[in-house]
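Here is the file data03.pdb (PDB, C-alpha atoms).
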```
MODEL        1
ATOM      1  CA  MET A   1     116.615  77.877 -15.873  1.00  0.00           C
ATOM      2  CA  PRO A   2     117.812  79.989 -18.797  1.00  0.00           C
ATOM      3  CA  ARG A   3     121.405  80.188 -17.585  1.00  0.00           C
ATOM      4  CA  GLY A   4     121.808  76.619 -16.333  1.00  0.00           C
ATOM      5  CA  ALA A   5     122.979  73.371 -17.838  1.00  0.00           C
ATOM      6  CA  SER A   6     121.663  70.002 -18.920  1.00  0.00           C
ATOM      7  CA  THR A   7     123.398  66.827 -17.791  1.00  0.00           C
ATOM      8  CA  TRP A   8     123.321  63.618 -19.828  1.00  0.00           C
ATOM      9  CA  VAL A   9     124.329  60.157 -18.605  1.00  0.00           C
ATOM     10  CA  TRP A  10     124.795  56.940 -20.571  1.00  0.00           C
ATOM     11  CA  SER A  11     126.344  53.496 -20.314  1.00  0.00           C
ATOM     12  CA  LEU A  12     129.739  52.805 -21.837  1.00  0.00           C
ATOM     13  CA  ASP A  13     129.326  49.044 -21.927  1.00  0.00           C
ATOM     14  CA  SER A  14     128.254  47.740 -25.312  1.00  0.00           C
ATOM     15  CA  SER A  15     129.089  45.085 -27.857  1.00  0.00           C
ATOM     16  CA  GLU A  16     132.086  45.589 -30.117  1.00  0.00           C
ATOM     17  CA  ASP A  17     129.714  45.866 -33.103  1.00  0.00           C
ATOM     18  CA  VAL A  18     127.934  48.839 -31.524  1.00  0.00           C
ATOM     19  CA  ALA A  19     131.220  50.528 -30.626  1.00  0.00           C
ATOM     20  CA  ASP A  20     132.527  49.989 -34.153  1.00  0.00           C
ATOM     21  CA  ARG A  21     129.400  51.561 -35.650  1.00  0.00           C
ATOM     22  CA  LEU A  22     129.587  54.588 -33.380  1.00  0.00           C
ATOM     23  CA  ALA A  23     133.310  55.005 -34.038  1.00  0.00           C
ATOM     24  CA  SER A  24     132.404  56.222 -37.526  1.00  0.00           C
ATOM     25  CA  CYS A  25     131.633  59.675 -36.093  1.00  0.00           C
ATOM     26  CA  LEU A  26     135.072  60.097 -34.504  1.00  0.00           C
ATOM     27  CA  SER A  27     137.857  62.238 -35.908  1.00  0.00           C
ATOM     28  CA  SER A  28     141.050  60.692 -37.272  1.00  0.00           C
ATOM     29  CA  GLU A  29     142.852  61.665 -34.046  1.00  0.00           C
ATOM     30  CA  GLU A  30     140.161  60.035 -31.929  1.00  0.00           C
ATOM     31  CA  THR A  31     140.233  56.921 -34.110  1.00  0.00           C
ATOM     32  CA  ALA A  32     143.985  56.661 -33.613  1.00  0.00           C
ATOM     33  CA  ARG A  33     143.583  57.087 -29.859  1.00  0.00           C
ATOM     34  CA  ALA A  34     140.946  54.348 -29.775  1.00  0.00           C
ATOM     35  CA  ALA A  35     143.262  52.004 -31.687  1.00  0.00           C
ATOM     36  CA  SER A  36     146.005  52.547 -29.096  1.00  0.00           C
ATOM     37  CA  PHE A  37     144.079  50.701 -26.373  1.00  0.00           C
ATOM     38  CA  ALA A  38     145.374  47.155 -25.978  1.00  0.00           C
ATOM     39  CA  ASN A  39     142.276  46.181 -23.984  1.00  0.00           C
ATOM     40  CA  ALA A  40     139.112  45.848 -26.126  1.00  0.00           C
ATOM     41  CA  ARG A  41     136.810  46.724 -23.229  1.00  0.00           C
ATOM     42  CA  LEU A  42     138.669  49.960 -22.501  1.00  0.00           C
ATOM     43  CA  ARG A  43     138.740  50.774 -26.203  1.00  0.00           C
ATOM     44  CA  ASN A  44     134.977  50.264 -26.535  1.00  0.00           C
ATOM     45  CA  ARG A  45     134.271  52.366 -23.453  1.00  0.00           C
ATOM     46  CA  TRP A  46     136.438  55.206 -24.737  1.00  0.00           C
ATOM     47  CA  VAL A  47     134.710  55.109 -28.129  1.00  0.00           C
ATOM     48  CA  MET A  48     131.284  55.118 -26.458  1.00  0.00           C
ATOM     49  CA  ALA A  49     132.281  58.131 -24.333  1.00  0.00           C
ATOM     50  CA  ARG A  50     133.506  60.188 -27.286  1.00  0.00           C
ATOM     51  CA  ALA A  51     130.649  59.125 -29.556  1.00  0.00           C
ATOM     52  CA  GLY A  52     128.133  60.040 -26.858  1.00  0.00           C
ATOM     53  CA  MET A  53     129.694  63.459 -26.392  1.00  0.00           C
ATOM     54  CA  ARG A  54     129.666  64.114 -30.133  1.00  0.00           C
ATOM     55  CA  SER A  55     126.083  62.860 -30.506  1.00  0.00           C
ATOM     56  CA  ILE A  56     124.743  65.037 -27.701  1.00  0.00           C
ATOM     57  CA  LEU A  57     126.583  68.140 -28.875  1.00  0.00           C
ATOM     58  CA  GLY A  58     125.490  67.469 -32.455  1.00  0.00           C
ATOM     59  CA  SER A  59     121.882  67.177 -31.326  1.00  0.00           C
ATOM     60  CA  ARG A  60     122.130  70.458 -29.420  1.00  0.00           C
ATOM     61  CA  LEU A  61     123.839  72.309 -32.270  1.00  0.00           C
ATOM     62  CA  GLY A  62     121.771  70.719 -35.026  1.00  0.00           C
ATOM     63  CA  VAL A  63     124.785  69.329 -36.893  1.00  0.00           C
ATOM     64  CA  PRO A  64     126.065  65.811 -37.652  1.00  0.00           C
ATOM     65  CA  PRO A  65     128.298  64.596 -34.809  1.00  0.00           C
ATOM     66  CA  GLU A  66     131.206  63.840 -37.126  1.00  0.00           C
ATOM     67  CA  THR A  67     131.391  67.498 -38.221  1.00  0.00           C
ATOM     68  CA  ILE A  68     132.113  68.840 -34.731  1.00  0.00           C
ATOM     69  CA  SER A  69     135.640  70.156 -34.184  1.00  0.00           C
ATOM     70  CA  PHE A  70     137.445  70.646 -30.887  1.00  0.00           C
ATOM     71  CA  SER A  71     140.496  72.486 -29.688  1.00  0.00           C
ATOM     72  CA  LEU A  72     142.207  72.521 -26.297  1.00  0.00           C
ATOM     73  CA  GLY A  73     142.564  75.379 -23.843  1.00  0.00           C
ATOM     74  CA  THR A  74     145.726  76.297 -21.959  1.00  0.00           C
ATOM     75  CA  HIS A  75     145.210  73.560 -19.384  1.00  0.00           C
ATOM     76  CA  GLY A  76     143.829  70.943 -21.761  1.00  0.00           C
ATOM     77  CA  LYS A  77     140.088  71.560 -21.462  1.00  0.00           C
ATOM     78  CA  PRO A  78     138.409  71.028 -24.863  1.00  0.00           C
ATOM     79  CA  TYR A  79     136.160  73.630 -26.452  1.00  0.00           C
ATOM     80  CA  LEU A  80     134.186  73.871 -29.671  1.00  0.00           C
ATOM     81  CA  VAL A  81     135.571  75.606 -32.737  1.00  0.00           C
ATOM     82  CA  ASN A  82     133.941  76.675 -36.006  1.00  0.00           C
ATOM     83  CA  THR A  83     130.603  77.469 -34.381  1.00  0.00           C
ATOM     84  CA  ASP A  84     128.878  80.709 -33.454  1.00  0.00           C
ATOM     85  CA  HIS A  85     126.590  78.977 -30.969  1.00  0.00           C
ATOM     86  CA  PRO A  86     127.530  79.698 -27.333  1.00  0.00           C
ATOM     87  CA  CYS A  87     128.025  76.239 -25.903  1.00  0.00           C
ATOM     88  CA  PHE A  88     130.081  75.131 -22.918  1.00  0.00           C
ATOM     89  CA  PHE A  89     130.464  71.436 -22.164  1.00  0.00           C
ATOM     90  CA  ASN A  90     132.383  68.973 -20.020  1.00  0.00           C
ATOM     91  CA  LEU A  91     132.720  65.187 -20.164  1.00  0.00           C
ATOM     92  CA  SER A  92     133.500  62.729 -17.385  1.00  0.00           C
ATOM     93  CA  HIS A  93     133.492  58.952 -17.272  1.00  0.00           C
ATOM     94  CA  SER A  94     134.183  56.295 -14.673  1.00  0.00           C
ATOM     95  CA  GLU A  95     134.088  52.527 -15.068  1.00  0.00           C
ATOM     96  CA  GLY A  96     131.020  51.863 -17.276  1.00  0.00           C
ATOM     97  CA  MET A  97     129.242  55.226 -17.029  1.00  0.00           C
ATOM     98  CA  ALA A  98     129.702  58.613 -18.707  1.00  0.00           C
ATOM     99  CA  VAL A  99     128.204  62.041 -18.091  1.00  0.00           C
ATOM    100  CA  LEU A 100     128.219  65.208 -20.191  1.00  0.00           C
ATOM    101  CA  ALA A 101     127.162  68.640 -18.948  1.00  0.00           C
ATOM    102  CA  VAL A 102     126.193  71.206 -21.581  1.00  0.00           C
ATOM    103  CA  GLY A 103     125.185  74.819 -21.024  1.00  0.00           C
ATOM    104  CA  GLU A 104     125.420  78.464 -22.055  1.00  0.00           C
ATOM    105  CA  VAL A 105     127.751  79.242 -19.138  1.00  0.00           C
ATOM    106  CA  PRO A 106     131.020  77.654 -17.936  1.00  0.00           C
ATOM    107  CA  VAL A 107     130.250  74.185 -16.621  1.00  0.00           C
ATOM    108  CA  GLY A 108     132.126  71.236 -15.167  1.00  0.00           C
ATOM    109  CA  VAL A 109     131.008  67.729 -14.266  1.00  0.00           C
ATOM    110  CA  ASP A 110     132.457  64.675 -12.565  1.00  0.00           C
ATOM    111  CA  ILE A 111     131.207  61.128 -12.080  1.00  0.00           C
ATOM    112  CA  GLU A 112     132.816  58.466  -9.905  1.00  0.00           C
ATOM    113  CA  HIS A 113     132.217  54.817  -9.175  1.00  0.00           C
ATOM    114  CA  ILE A 114     131.895  54.500  -5.406  1.00  0.00           C
ATOM    115  CA  GLY A 115     134.720  52.350  -4.070  1.00  0.00           C
ATOM    116  CA  PRO A 116     136.559  51.893  -0.765  1.00  0.00           C
ATOM    117  CA  LEU A 117     137.686  54.974   1.118  1.00  0.00           C
ATOM    118  CA  HIS A 118     141.474  54.844   1.340  1.00  0.00           C
ATOM    119  CA  GLU A 119     143.162  56.425   4.331  1.00  0.00           C
ATOM    120  CA  GLY A 120     144.902  59.721   3.700  1.00  0.00           C
ATOM    121  CA  VAL A 121     143.234  60.592   0.390  1.00  0.00           C
ATOM    122  CA  ALA A 122     140.941  63.240   1.867  1.00  0.00           C
ATOM    123  CA  GLU A 123     143.786  64.895   3.757  1.00  0.00           C
ATOM    124  CA  ALA A 124     145.870  65.041   0.576  1.00  0.00           C
ATOM    125  CA  PHE A 125     143.196  66.666  -1.604  1.00  0.00           C
ATOM    126  CA  PHE A 126     140.564  68.269   0.651  1.00  0.00           C
ATOM    127  CA  SER A 127     140.849  71.513   2.571  1.00  0.00           C
ATOM    128  CA  ALA A 128     141.356  71.314   6.334  1.00  0.00           C
ATOM    129  CA  ASP A 129     137.705  72.219   6.995  1.00  0.00           C
ATOM    130  CA  GLU A 130     136.479  69.553   4.549  1.00  0.00           C
ATOM    131  CA  SER A 131     138.689  66.908   6.174  1.00  0.00           C
ATOM    132  CA  ARG A 132     137.382  67.836   9.603  1.00  0.00           C
ATOM    133  CA  ALA A 133     133.774  67.771   8.401  1.00  0.00           C
ATOM    134  CA  LEU A 134     134.292  64.319   6.894  1.00  0.00           C
ATOM    135  CA  ALA A 135     135.954  62.957  10.044  1.00  0.00           C
ATOM    136  CA  ALA A 136     133.064  64.251  12.168  1.00  0.00           C
ATOM    137  CA  MET A 137     130.470  62.263  10.198  1.00  0.00           C
ATOM    138  CA  PRO A 138     129.263  58.831  11.316  1.00  0.00           C
ATOM    139  CA  ARG A 139     131.609  56.145   9.975  1.00  0.00           C
ATOM    140  CA  GLU A 140     128.851  54.538   7.912  1.00  0.00           C
ATOM    141  CA  ASP A 141     128.213  57.831   6.063  1.00  0.00           C
ATOM    142  CA  ARG A 142     131.810  58.729   5.238  1.00  0.00           C
ATOM    143  CA  VAL A 143     132.266  56.836   1.981  1.00  0.00           C
ATOM    144  CA  HIS A 144     129.318  58.472   0.223  1.00  0.00           C
ATOM    145  CA  ALA A 145     130.170  61.843   1.795  1.00  0.00           C
ATOM    146  CA  PHE A 146     133.750  61.557   0.543  1.00  0.00           C
ATOM    147  CA  TYR A 147     132.568  60.994  -3.026  1.00  0.00           C
ATOM    148  CA  ARG A 148     130.064  63.864  -2.796  1.00  0.00           C
ATOM    149  CA  CYS A 149     132.903  66.183  -1.824  1.00  0.00           C
ATOM    150  CA  TRP A 150     135.344  64.708  -4.340  1.00  0.00           C
ATOM    151  CA  THR A 151     132.995  65.016  -7.322  1.00  0.00           C
ATOM    152  CA  ALA A 152     131.925  68.526  -6.329  1.00  0.00           C
ATOM    153  CA  LYS A 153     135.540  69.690  -6.157  1.00  0.00           C
ATOM    154  CA  GLU A 154     136.474  67.963  -9.427  1.00  0.00           C
ATOM    155  CA  ALA A 155     133.436  69.467 -11.181  1.00  0.00           C
ATOM    156  CA  LEU A 156     134.379  72.956 -10.006  1.00  0.00           C
ATOM    157  CA  LEU A 157     138.016  72.582 -11.052  1.00  0.00           C
ATOM    158  CA  LYS A 158     136.900  71.349 -14.471  1.00  0.00           C
ATOM    159  CA  ALA A 159     134.456  74.264 -14.843  1.00  0.00           C
ATOM    160  CA  LEU A 160     137.292  76.665 -14.068  1.00  0.00           C
ATOM    161  CA  GLY A 161     139.387  74.942 -16.736  1.00  0.00           C
ATOM    162  CA  VAL A 162     142.567  75.168 -14.669  1.00  0.00           C
ATOM    163  CA  GLY A 163     143.664  71.537 -14.775  1.00  0.00           C
ATOM    164  CA  LEU A 164     146.131  70.639 -12.020  1.00  0.00           C
ATOM    165  CA  SER A 165     147.352  74.231 -11.624  1.00  0.00           C
ATOM    166  CA  LEU A 166     144.919  74.851  -8.747  1.00  0.00           C
ATOM    167  CA  SER A 167     145.082  72.880  -5.520  1.00  0.00           C
ATOM    168  CA  GLY A 168     142.002  71.180  -4.151  1.00  0.00           C
ATOM    169  CA  LYS A 169     142.993  72.622  -0.778  1.00  0.00           C
ATOM    170  CA  SER A 170     142.488  76.176  -2.051  1.00  0.00           C
ATOM    171  CA  PHE A 171     138.700  76.083  -1.710  1.00  0.00           C
ATOM    172  CA  THR A 172     136.074  74.501   0.512  1.00  0.00           C
ATOM    173  CA  VAL A 173     132.676  73.055  -0.358  1.00  0.00           C
ATOM    174  CA  GLY A 174     129.768  72.055   1.837  1.00  0.00           C
ATOM    175  CA  PHE A 175     128.813  68.440   1.153  1.00  0.00           C
ATOM    176  CA  GLU A 176     126.522  67.129   3.902  1.00  0.00           C
ATOM    177  CA  THR A 177     123.954  66.012   1.302  1.00  0.00           C
ATOM    178  CA  HIS A 178     123.606  66.307  -2.485  1.00  0.00           C
ATOM    179  CA  GLU A 179     121.110  69.121  -1.923  1.00  0.00           C
ATOM    180  CA  ASP A 180     123.593  70.992   0.286  1.00  0.00           C
ATOM    181  CA  LEU A 181     126.522  71.047  -2.139  1.00  0.00           C
ATOM    182  CA  ARG A 182     127.875  74.588  -2.331  1.00  0.00           C
ATOM    183  CA  LEU A 183     131.106  76.521  -2.612  1.00  0.00           C
ATOM    184  CA  LEU A 184     131.721  78.029   0.829  1.00  0.00           C
ATOM    185  CA  TYR A 185     134.920  79.978   0.266  1.00  0.00           C
ATOM    186  CA  ALA A 186     138.039  80.056  -1.899  1.00  0.00           C
ATOM    187  CA  ASP A 187     141.577  81.387  -1.607  1.00  0.00           C
ATOM    188  CA  TRP A 188     141.759  82.406  -5.271  1.00  0.00           C
ATOM    189  CA  GLN A 189     142.530  85.974  -6.238  1.00  0.00           C
ATOM    190  CA  ASP A 190     139.313  87.953  -6.788  1.00  0.00           C
ATOM    191  CA  ALA A 191     137.265  84.843  -5.965  1.00  0.00           C
ATOM    192  CA  ASP A 192     133.499  85.415  -5.885  1.00  0.00           C
ATOM    193  CA  VAL A 193     131.840  82.287  -4.512  1.00  0.00           C
ATOM    194  CA  SER A 194     128.393  83.743  -5.229  1.00  0.00           C
ATOM    195  CA  THR A 195     128.887  83.170  -8.981  1.00  0.00           C
ATOM    196  CA  TRP A 196     129.110  79.369  -8.658  1.00  0.00           C
ATOM    197  CA  ARG A 197     126.437  76.739  -8.127  1.00  0.00           C
ATOM    198  CA  LEU A 198     126.988  73.060  -7.325  1.00  0.00           C
ATOM    199  CA  ALA A 199     124.534  70.182  -7.536  1.00  0.00           C
ATOM    200  CA  GLY A 200     124.930  66.456  -6.934  1.00  0.00           C
ATOM    201  CA  PHE A 201     123.219  63.511  -8.574  1.00  0.00           C
ATOM    202  CA  GLU A 202     123.168  59.709  -8.490  1.00  0.00           C
ATOM    203  CA  PRO A 203     122.865  58.436 -12.088  1.00  0.00           C
ATOM    204  CA  VAL A 204     122.684  54.735 -11.175  1.00  0.00           C
ATOM    205  CA  PRO A 205     123.330  52.751  -7.989  1.00  0.00           C
ATOM    206  CA  GLY A 206     127.016  52.607  -7.154  1.00  0.00           C
ATOM    207  CA  PHE A 207     127.902  55.931  -8.792  1.00  0.00           C
ATOM    208  CA  THR A 208     127.728  59.546  -7.724  1.00  0.00           C
ATOM    209  CA  GLY A 209     128.289  62.779  -9.605  1.00  0.00           C
ATOM    210  CA  ALA A 210     128.298  66.544  -9.359  1.00  0.00           C
ATOM    211  CA  VAL A 211     127.956  69.464 -11.741  1.00  0.00           C
ATOM    212  CA  ALA A 212     129.311  72.994 -11.298  1.00  0.00           C
ATOM    213  CA  VAL A 213     127.880  75.979 -13.161  1.00  0.00           C
ATOM    214  CA  GLN A 214     128.984  79.592 -13.179  1.00  0.00           C
ATOM    215  CA  THR A 215     125.768  81.485 -12.575  1.00  0.00           C
ATOM    216  CA  SER A 216     124.421  83.716  -9.811  1.00  0.00           C
ATOM    217  CA  GLY A 217     120.847  82.530 -10.386  1.00  0.00           C
ATOM    218  CA  LEU A 218     118.984  79.487  -9.176  1.00  0.00           C
ATOM    219  CA  PHE A 219     120.261  76.181 -10.515  1.00  0.00           C
ATOM    220  CA  ARG A 220     118.755  72.728 -10.730  1.00  0.00           C
ATOM    221  CA  PRO A 221     120.514  70.068 -12.758  1.00  0.00           C
ATOM    222  CA  LEU A 222     118.395  68.608 -15.546  1.00  0.00           C
ATOM    223  CA  LEU A 223     119.433  64.952 -15.678  1.00  0.00           C
ATOM    224  CA  HIS A 224     118.719  63.051 -18.902  1.00  0.00           C
ATOM    225  CA  ARG A 225     119.483  59.537 -20.152  1.00  0.00           C
ATOM    226  CA  TRP A 226     121.175  59.470 -23.527  1.00  0.00           C
ATOM    227  CA  ILE A 227     120.163  56.635 -25.833  1.00  0.00           C
ATOM    228  CA  PHE A 228     122.002  56.170 -29.106  1.00  0.00           C
ATOM    229  CA  ASP A 229     119.909  55.998 -32.280  1.00  0.00           C
ATOM    230  CA  PRO A 230     118.934  52.425 -33.201  1.00  0.00           C
ATOM    231  CA  PHE A 231     120.482  50.812 -36.235  1.00  0.00           C
TER     232      PHE A 231
ENDMDL
END
```
As structure tokens, what does this structure read like?
Amino acid sequence: MPRGASTWVWSLDSSEDVADRLASCLSSEETARAASFANARLRNRWVMARAGMRSILGSRLGVPPETISFSLGTHGKPYLVNTDHPCFFNLSHSEGMAVLAVGEVPVGVDIEHIGPLHEGVAEAFFSADESRALAAMPREDRVHAFYRCWTAKEALLKALGVGLSLSGKSFTVGFETHEDLRLLYADWQDADVSTWRLAGFEPVPGFTGAVAVQTSGLFRPLLHRWIFDPF
């Protein structure tokens, strides 16, 4: 899969000592952001997410994680600066889990903790065809199907790097199973659905995720577990 992406997952729950050690690789801006959390658990999780992202990117680029620099695109999506290595990436975290997708092509990823399905959410975010497909499924399958669709759409929006400027109703994905995730059609100008691939994954019980990659070739997500170096 020369034009695909690798996907890394890791736990965000750790002791404060571990989070403090890993915080040493953060930038001054990230350190200030971490200090702004009033809740120690949220602070530790945020540090673990950023430290994991830096560690994985550093490993891929062959540089110390603390030397990596980021900037933000028009809609707030971060990208690497001061490197000649073609590297696209995207981070997502939910509750106590994080996921990072890294590739040589535009990529987006989303992970969600599976919770209750609240009435009206699908209609507010999904296209009409997606809402109908969800409503037609057996009631016992709808919660997991909802999160398959939600993560697939979030991953695609993040790969596009458009933030909230593009409505979730403007495109439709197939989401019957993780293996069937695909972009069916889109209302975007000059949209070419054949250039996008979607794939779902279940990192641990109780969570689901999806990755979107801009490639016309075959795509299988390579799912890895990230383990921080011992100390």
Query raised in the report: Can you list, as number ranges by chain, the residues that the PyMOL selection byres ((chain A and resi 127-130) around 8) selects here?
Result: A: 123, 125-126, 131-134, 168-174
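Residues in contact range of region 97-104 of chain A, defined as at most 8 Å between all atoms listed in the file, with sequence neighbours fewer than 6 positions away removed, read Arg3, Gly4, Ala5, Ser6, Thr7, Trp8, Val9, Trp10, Ser11, Leu12, Asp13, Ala49, Met53, Leu57, Pro86, Cys87, Phe88, Phe89, Asn90, Leu91, Asp110, Ile111 and Val211 of chain A.
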Report task. Might you spell out which residues the PyMOL selection byres ((chain A and resi 179-184) around 7) would select in the displayed file, as a list of chain:residue names? Result ->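 The output of the PyMOL selection byres ((chain A and resi 179-184) around 7) on this file is A:Thr172, A:Val173, A:Gly174, A:Phe175, A:Glu176, A:Thr177, A:His178, A:Tyr185, A:Val193, A:Trp196, A:Arg197, A:Leu198, A:Ala199, A:Gly200.
Closest approach to Glu30 (chain A) among A:Gln214, A:Asn82, A:Ser69, A:Ser55 is made by A:Ser69 (distances from only C-alpha atoms).
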Report task. Run the PyMOL selection byres ((chain A and resi 51) around 7) against the file shown and list the residues it catches, as a list in words. Result -> Leu22, Ala23, Cys25, Leu26, Val47, Met48, Ala49, Arg50, Gly52, Met53, Arg54 and Ser55 of chain A
What does the file look like for those residues with C-alpha atoms, as a PDB file, in the frame of the given file?
```pdb
ATOM      1  CA  LEU A  22     129.587  54.588 -33.380  1.00  0.00           C
ATOM      2  CA  ALA A  23     133.310  55.005 -34.038  1.00  0.00           C
ATOM      3  CA  CYS A  25     131.633  59.675 -36.093  1.00  0.00           C
ATOM      4  CA  LEU A  26     135.072  60.097 -34.504  1.00  0.00           C
ATOM      5  CA  VAL A  47     134.710  55.109 -28.129  1.00  0.00           C
ATOM      6  CA  MET A  48     131.284  55.118 -26.458  1.00  0.00           C
ATOM      7  CA  ALA A  49     132.281  58.131 -24.333  1.00  0.00           C
ATOM      8  CA  ARG A  50     133.506  60.188 -27.286  1.00  0.00           C
ATOM      9  CA  GLY A  52     128.133  60.040 -26.858  1.00  0.00           C
ATOM     10  CA  MET A  53     129.694  63.459 -26.392  1.00  0.00           C
ATOM     11  CA  ARG A  54     129.666  64.114 -30.133  1.00  0.00           C
ATOM     12  CA  SER A  55     126.083  62.860 -30.506  1.00  0.00           C
TER      13      SER A  55
END
```
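Between CA of Lys77 (chain A) and CA of Gly163 (chain A) lies a distance of 7.6 Å.
For the residues A:Thr31, A:Thr195, A:Gly108, A:Glu202, ranking by smallest atom-to-atom distance to Glu66 (chain A) using only C-alpha atoms places A:Thr31 first.
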Excluding same-chain residues fewer than 6 positions from Ala135 (chain A), what lies within 10 Å of it counting only C-alpha atoms, as a short mmCIF file (atom, residue, chain, number, x, y, z; two decimals) with C-alpha atoms, in the frame of the given file?
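The file below, result01.cif, is the result:
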```cif
data_model
loop_
_atom_site.label_atom_id
_atom_site.label_comp_id
_atom_site.auth_asym_id
_atom_site.auth_seq_id
_atom_site.Cartn_x
_atom_site.Cartn_y
_atom_site.Cartn_z
CA ALA A 122 140.94 63.24 1.87
CA ASP A 129 137.71 72.22 7.00
CA ARG A 142 131.81 58.73 5.24
CA PHE A 146 133.75 61.56 0.54
#
```
Requested in this report: Please measure the separation of CA of Thr151 (chain A) and CA of Asp190 (chain A), giving the value in Å to one decimal.
Outcome: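 Taking CA of Thr151 (chain A) and CA of Asp190 (chain A), their separation equals 23.8 Å.
The gap separating CA of Pro116 (chain A) from CA of Phe207 (chain A) is 12.5 Å, in Å to one decimal.
The smallest atom-to-atom distance between His224 (chain A) and any of A:Ala186, A:Ile56, A:Phe37, A:Thr67, using only C-alpha atoms, is found for A:Ile56.
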Need a file for region 189-203 of chain A from that block: N, CA, C and O atoms, written as a compact mmCIF listing (two decimals), in the first residue's frame.
```
# COMPACT_ATOMS: atom_id res chain seq x y z
N GLN A 189 -18.39 21.12 -5.34
CA GLN A 189 -17.99 21.49 -6.70
C GLN A 189 -16.78 20.65 -7.13
O GLN A 189 -15.82 20.51 -6.39
N ASP A 190 -16.87 20.08 -8.32
CA ASP A 190 -15.80 19.25 -8.89
C ASP A 190 -15.47 18.04 -8.01
O ASP A 190 -14.33 17.57 -7.98
N ALA A 191 -16.46 17.55 -7.27
CA ALA A 191 -16.23 16.40 -6.40
C ALA A 191 -15.96 15.14 -7.23
O ALA A 191 -16.65 14.88 -8.21
N ASP A 192 -14.94 14.39 -6.84
CA ASP A 192 -14.62 13.11 -7.47
C ASP A 192 -14.55 12.07 -6.37
O ASP A 192 -13.53 11.93 -5.70
N VAL A 193 -15.65 11.34 -6.17
CA VAL A 193 -15.71 10.40 -5.05
C VAL A 193 -14.74 9.24 -5.25
O VAL A 193 -14.39 8.56 -4.28
N SER A 194 -14.27 9.03 -6.47
CA SER A 194 -13.37 7.90 -6.73
C SER A 194 -11.99 8.12 -6.13
O SER A 194 -11.20 7.18 -6.06
N THR A 195 -11.66 9.34 -5.70
CA THR A 195 -10.33 9.63 -5.16
C THR A 195 -10.28 9.46 -3.64
O THR A 195 -9.24 9.74 -3.04
N TRP A 196 -11.37 8.99 -3.03
CA TRP A 196 -11.39 8.84 -1.57
C TRP A 196 -11.68 7.41 -1.16
O TRP A 196 -12.50 6.73 -1.78
N ARG A 197 -10.99 6.97 -0.13
CA ARG A 197 -11.21 5.65 0.45
C ARG A 197 -11.49 5.81 1.94
O ARG A 197 -10.87 6.62 2.63
N LEU A 198 -12.44 5.02 2.44
CA LEU A 198 -12.81 5.01 3.84
C LEU A 198 -12.64 3.61 4.41
O LEU A 198 -12.87 2.61 3.71
N ALA A 199 -12.23 3.53 5.65
CA ALA A 199 -12.10 2.23 6.32
C ALA A 199 -12.41 2.42 7.80
O ALA A 199 -12.02 3.41 8.41
N GLY A 200 -13.13 1.46 8.38
CA GLY A 200 -13.47 1.52 9.79
C GLY A 200 -12.61 0.56 10.60
O GLY A 200 -12.01 -0.37 10.06
N PHE A 201 -12.56 0.81 11.91
CA PHE A 201 -11.81 -0.07 12.80
C PHE A 201 -12.39 0.03 14.21
O PHE A 201 -13.06 1.01 14.55
N GLU A 202 -12.13 -0.99 15.01
CA GLU A 202 -12.54 -1.01 16.41
C GLU A 202 -11.28 -1.20 17.25
O GLU A 202 -10.81 -2.32 17.41
N PRO A 203 -10.71 -0.12 17.79
CA PRO A 203 -9.43 -0.22 18.50
C PRO A 203 -9.51 -1.03 19.78
O PRO A 203 -8.62 -1.82 20.08
```
